[in-house]
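Here's the structure we're looking at; comments come further down.
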Amino acid sequence: MGPIKRAEMGEVWPGVEPGHGPGDLGSATLAPTDPVAVRSYQTFCLTYTVGLFGLDDTGGIMVGLRWVSDGGALQIEDSAAMNYVTARSSTGVPLELFVEPYGFRPWTLPIRITVKGGYLCAGDTIQITFGDTTGGGPGMRMQTIAEPALEFRVSVDACATGNFSVIDQRLSVPVVAGPPAVWRVVGPGLRRPGERFAIGIRVEDAWGNPALADWNGLSLASETIQGLPDVLPAGTPAARIDGLTAPKGVHHVHLLDGAGQVIATSNSIVVRAGDDAGYWGDLHGQSGETVGIGTIDEYMTFARDIAFLDVSGHQGNDFQIKNAFWDRINQVTADLDVPGRFTVFPGYEWSGNTPVGGDHNVFFRHEGCAIRRSSHAMLEDRGDLDSDTFTLDALFDGLQGEDCVLWSHVGGRPADVGYAHDPRLKTAVEVHSNWGTFEWILTDSLALGHRVGVVANSDGHKGRPGAGPPGATEFGAYGGLTCFLAPELSRDAIFRAMRRRHHYGTSGSRIHLDVTARFDGAAALHPEDPAWSAHPPEPVTHTRMGDIVRTEALSHIEIAVEAPAGIERVDLLDGAETLTTWRPFSAEDLGGRLRVYWQGAEYRGRGRNTFWQGTLALQGAQITGMEPINQWNPERPLTQEGPDRVAFEAVTSGNFAGVELMLDRPGTLIVETNLVTGTVDIAQLGLEDHRLDAGGLDRAIVIRRLPDGQIPQSWRVSAPIAPEPGRERALWVRITTTDGHQAWSSPIYLLAEQTQPTR
């Protein structure tokens, strides 16, 4: 597909123009427009032909790229560096180039070319070279994101008024994936014996884009799954294999190359009898009609056919959603929702500023509902301004009677969960996305007495719902996933799971997680939150994540994990307090496997990213092996500088990244970074972490030892929870695996007989 339709594109230009319209402002061409590869260096010539009014002295043109593009800032100072831009006029009239520090949403990477000391007449031209190489520079660096139309948006200030109006032409170039780098086999969530399911296979380039590859000779293998084909489809970046079945147990599918070597293995496919299956979703992201890239159709197609999601949704910033695009969102979700195959919800992101409540996602069960925006900040049509809800409490009031749910999240604007709350509408908080990891939004909510579930999504802007690497901009984490526990894949079943908080979130890994509770005495389940509902509770003997149970009996929390990688630790928490940490190994198992993590954020707001630069030096030990952890940007160096030294640069935004070092013997680790330094005697490290605090928001260097051998990927554990009369418990689980991923369960809420509505 080409550039997005103007009628649906959320952008604002001046309400006045010098003539009849954009056609009077001139025209432009771009060359070449052949497809280019991600992260390649290119040179483009954009030629602007002056229109009816000429171009007056101090007037000019502006060319903008989207905010989400991560090719790097344009520059005019260093001809030997990348992204060097030059411009010249056909008549020799002087031009002044200026790189705007921040443009206008979504064209926030603009360069302005101003006529200085003359003028240009109709038919004269300005030629702009993006990625000029004549001074020795490599060219213009392409973004990490493959997309059909990387657009150069041209606007003109013909009369030197300071108002730039967009021209008619839509100039773009296709950006295609790089060479294939990694294969993925994607299994479903929890299934039941005899139930048919599908797996997905895709191949990605180094930046996570779906890539084309040679499928010849590839095959699938599993000892227990029935229905795998003998021949795989070829010529596509992804394939879905339907009609598979498996008996009760834990299963895996392996992808083999022509030599019979395993090149990819699926997540654990858990099959067991029960009422519910597990359905994977990413419901939170944006396309190019607002501040992302690509069309909503491309976004949804990726979610269903490349990421192999069961559930998805679209969440554009409300102040940028035109009425025409709101209609389009509803049309697309209605067309694509197919029970049993793909469940998709209409909705939007209420994008109020943090002082009035902050970002909240709104999901409707059905199409045709009104959008109640936080503002009309980028909408010229003011006809429905009176329907806006400028504060979060006003939004809750405006949605009374609607069949919808809300989630609080942390994007550019963090939600203020203390500003307002409605337990009938708000069912969850988002603890992880491309923006980072935010456990604090859960613990803050629990401290306020809110009974919410846990979700994780991409909040992606790169058109990659369900498989969302962060690229090379300010996003610092891989996009998250939510697993919904429901009897079937349908809107009604998933919505019920949302309202009952029967779901958990992960940092992008398809970790299977069960958290249940059983009771030694009387217990009663509240099907609705008693903070607002008088619905009587129902007697139960056991319950699961998300449930609200009234009991004063001894409870037993039971946790089962099946992970695609070794289980590093399992934490059981009550609110913000860690009750117990389990590891599937003991102190006697620890060896020469050392992990160093850098983690945390500056603070909760937009500028949360922490930039790390440092070295890890060893005394009395040497490195025999090194593996990066969560190194989502391969261009940020993590380099072994000899047998006893590693240098790194990284960015974290509440999440963690790091390196695993295999050592020939224990020694001393010397950590030197731009934020903290310290020395650690490795031989003295036991099961507990050694932490070097670096201020900020949970910002630290964390050093941890692991066993040398393989760590179990399957783990079951339980713990008794003694009753505390009069006190409500919010018990939730955090899983950390050796591949750097995490999972977070929705809490089980245990209410004592005398518990008040809030803790």
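Chain labels follow the order of the structure tokens: the first chain is A, the next B, and so on; residue numbering restarts at 1 in every chain, and ligands are counted from 1 in their shown order.
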Requested in this report: Just list the residues in segment 319-469 of chain A DSSP gives strand (DSSP E or B) on the backbone, as a PyMOL selection string.
Outcome: chain A and resi 338+342-345+347-350+360-364+404-408+410+414+426-433+436-437+453-456+460
Which residues, written as a tab-separated table (two decimals) with N, CA and C atoms, in the first residue's frame, have at least one atom at most 7 Å from segment 428-443 of chain A, with only C-alpha atoms counted and residues fewer than 2 positions away on the same chain left out?
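In the end it all went to out.tsv:
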```
chain	number	residue	atom	x	y	z
A	407	TRP	N	-7.98	0.27	30.55
A	407	TRP	CA	-6.69	-0.09	31.14
A	407	TRP	C	-5.87	1.18	31.32
A	408	SER	N	-5.17	1.28	32.43
A	408	SER	CA	-4.20	2.36	32.63
A	408	SER	C	-2.85	1.93	32.06
A	409	HIS	N	-2.14	2.87	31.44
A	409	HIS	CA	-0.83	2.49	30.93
A	409	HIS	C	0.15	3.65	31.00
A	411	GLY	N	2.74	5.43	28.62
A	411	GLY	CA	3.33	5.65	27.30
A	411	GLY	C	4.24	6.86	27.39
A	426	LYS	N	-12.58	0.23	34.84
A	426	LYS	CA	-11.15	-0.03	34.72
A	426	LYS	C	-10.82	-1.39	35.29
A	445	SER	N	-1.43	0.98	42.24
A	445	SER	CA	-2.86	0.69	42.20
A	445	SER	C	-3.29	-0.16	43.38
A	446	LEU	N	-2.47	-1.16	43.72
A	446	LEU	CA	-2.82	-2.03	44.85
A	446	LEU	C	-2.80	-1.26	46.16
A	447	ALA	N	-1.86	-0.33	46.31
A	447	ALA	CA	-1.80	0.48	47.52
A	447	ALA	C	-3.04	1.35	47.67
A	452	VAL	N	-7.26	-4.69	40.23
A	452	VAL	CA	-7.02	-4.67	38.79
A	452	VAL	C	-6.24	-5.90	38.38
A	453	GLY	N	-6.34	-6.24	37.10
A	453	GLY	CA	-5.53	-7.28	36.52
A	453	GLY	C	-4.28	-6.71	35.87
A	454	VAL	N	-3.44	-7.60	35.35
A	454	VAL	CA	-2.17	-7.23	34.73
A	454	VAL	C	-2.22	-7.56	33.24
A	455	VAL	N	-1.85	-6.60	32.42
A	455	VAL	CA	-1.69	-6.82	30.99
A	455	VAL	C	-0.33	-6.29	30.56
A	456	ALA	N	0.12	-6.75	29.39
A	456	ALA	CA	1.30	-6.22	28.74
A	456	ALA	C	1.03	-6.21	27.24
A	457	ASN	N	1.48	-5.18	26.59
A	457	ASN	CA	1.24	-5.01	25.15
A	457	ASN	C	2.45	-4.33	24.54
A	458	SER	N	2.40	-4.11	23.24
A	458	SER	CA	3.54	-3.43	22.61
A	458	SER	C	3.45	-1.92	22.78
A	459	ASP	N	2.23	-1.35	22.77
A	459	ASP	CA	2.07	0.09	22.59
A	459	ASP	C	2.94	0.51	21.42
A	460	GLY	N	2.97	-0.34	20.40
A	460	GLY	CA	3.91	-0.17	19.29
A	460	GLY	C	3.46	0.90	18.31
A	470	PRO	N	12.06	-2.93	19.62
A	470	PRO	CA	11.96	-1.49	19.82
A	470	PRO	C	12.60	-0.65	18.75
A	475	PHE	N	12.32	4.00	22.25
A	475	PHE	CA	11.77	2.78	22.85
A	475	PHE	C	12.91	1.89	23.30
A	476	GLY	N	12.78	1.31	24.52
A	476	GLY	CA	13.89	0.57	25.07
A	476	GLY	C	13.63	-0.89	25.32
A	477	ALA	N	12.43	-1.40	24.98
A	477	ALA	CA	12.09	-2.76	25.35
A	477	ALA	C	11.33	-3.44	24.21
A	478	TYR	N	11.37	-4.76	24.22
A	478	TYR	CA	10.56	-5.53	23.29
A	478	TYR	C	9.10	-5.44	23.73
A	479	GLY	N	8.18	-5.43	22.78
A	479	GLY	CA	6.78	-5.29	23.09
A	479	GLY	C	6.21	-6.48	23.83
A	480	GLY	N	5.23	-6.25	24.69
A	480	GLY	CA	4.66	-7.29	25.53
A	480	GLY	C	3.50	-8.02	24.90
A	507	SER	N	6.78	-10.01	28.79
A	507	SER	CA	7.58	-9.03	28.06
A	507	SER	C	7.81	-9.43	26.61
A	575	GLY	N	1.07	-7.26	47.17
A	575	GLY	CA	1.21	-5.84	46.91
A	575	GLY	C	2.62	-5.54	46.44
A	576	ALA	N	3.33	-4.65	47.12
A	576	ALA	CA	4.71	-4.31	46.75
A	576	ALA	C	5.74	-5.15	47.50
A	653	SER	N	14.55	1.60	30.18
A	653	SER	CA	13.44	2.49	30.51
A	653	SER	C	12.48	1.79	31.48
A	654	GLY	N	13.08	1.28	32.55
A	654	GLY	CA	12.32	0.53	33.54
A	654	GLY	C	12.53	-0.96	33.40
A	655	ASN	N	12.96	-1.40	32.23
A	655	ASN	CA	13.27	-2.81	32.00
A	655	ASN	C	14.73	-3.07	32.32
```
Requested in this report: Please provide as a ChimeraX atom specification all residues within 7 Å of Ala122 of chain A, with the sequence filter that same-chain residues fewer than 5 positions apart are discarded (counting only C-alpha atoms).
Outcome: /A:50-54
Query raised in the report: Skipping near chain neighbours, those fewer than 5 positions away, what residues fall within 8 Å of Pro720 of chain A using only C-alpha atoms, listed as a ChimeraX atom specification?
Result: /A:554-557
Counting only C-alpha atoms, give me one row per residue of segment 460-564 of chain A with an atom at most 7 Å from an atom of segment 708-715 of chain A, showing the shortest contact pair and its distance in Å to one decimal, sorted by chain then residue number, as JSON lines.
```
{"residue": "A:Ala560", "atom": "CA", "partner": "A:Trp715", "partner_atom": "CA", "distance": 5.8}
{"residue": "A:Val561", "atom": "CA", "partner": "A:Trp715", "partner_atom": "CA", "distance": 5.3}
{"residue": "A:Glu562", "atom": "CA", "partner": "A:Ser714", "partner_atom": "CA", "distance": 4.7}
{"residue": "A:Ala563", "atom": "CA", "partner": "A:Gln713", "partner_atom": "CA", "distance": 5.1}
{"residue": "A:Pro564", "atom": "CA", "partner": "A:Gln713", "partner_atom": "CA", "distance": 6.7}
```
Report task. Might you pull out every residue within 10 Å of Gly418 of chain A, with only C-alpha atoms counted and same-chain residues fewer than 3 positions away left off, and present them as a list in words? Result -> Gly357, Ala415, His421, Asp444, Ser445, Ala447, Leu448 and His450 of chain A
Report task. For atom CA of Ser586 of chain A and atom CA of His741 of chain A, quote the distance in Å rounded to one decimal. Result ->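 Between atom CA of Ser586 of chain A and atom CA of His741 of chain A the gap works out to 21.4 Å.
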Requested in this report: Excluding Val570 of chain A and residues on its chain fewer than 2 positions from it, collect all residues at most 10 Å away from it, counting only C-alpha atoms, and give them as a PyMOL selection string.
Outcome: chain A and resi 559-561+567-568+572-573+580-584+715-717+733-737+742-743
**Report entry** Backbone DSSP call of alpha helix (DSSP H) for segment 92-326 of chain A, listed as a VMD selection string
**Finding:** chain A and resid 296 to 305 323 to 326
Query raised in the report: So which one's closest to Tyr504 of chain A, A:Val176, A:Ala303, A:Ile748, A:Leu489? Using only C-alpha atoms, please.
Result: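 The answer is A:Ile748, which sits nearest to Tyr504 of chain A.
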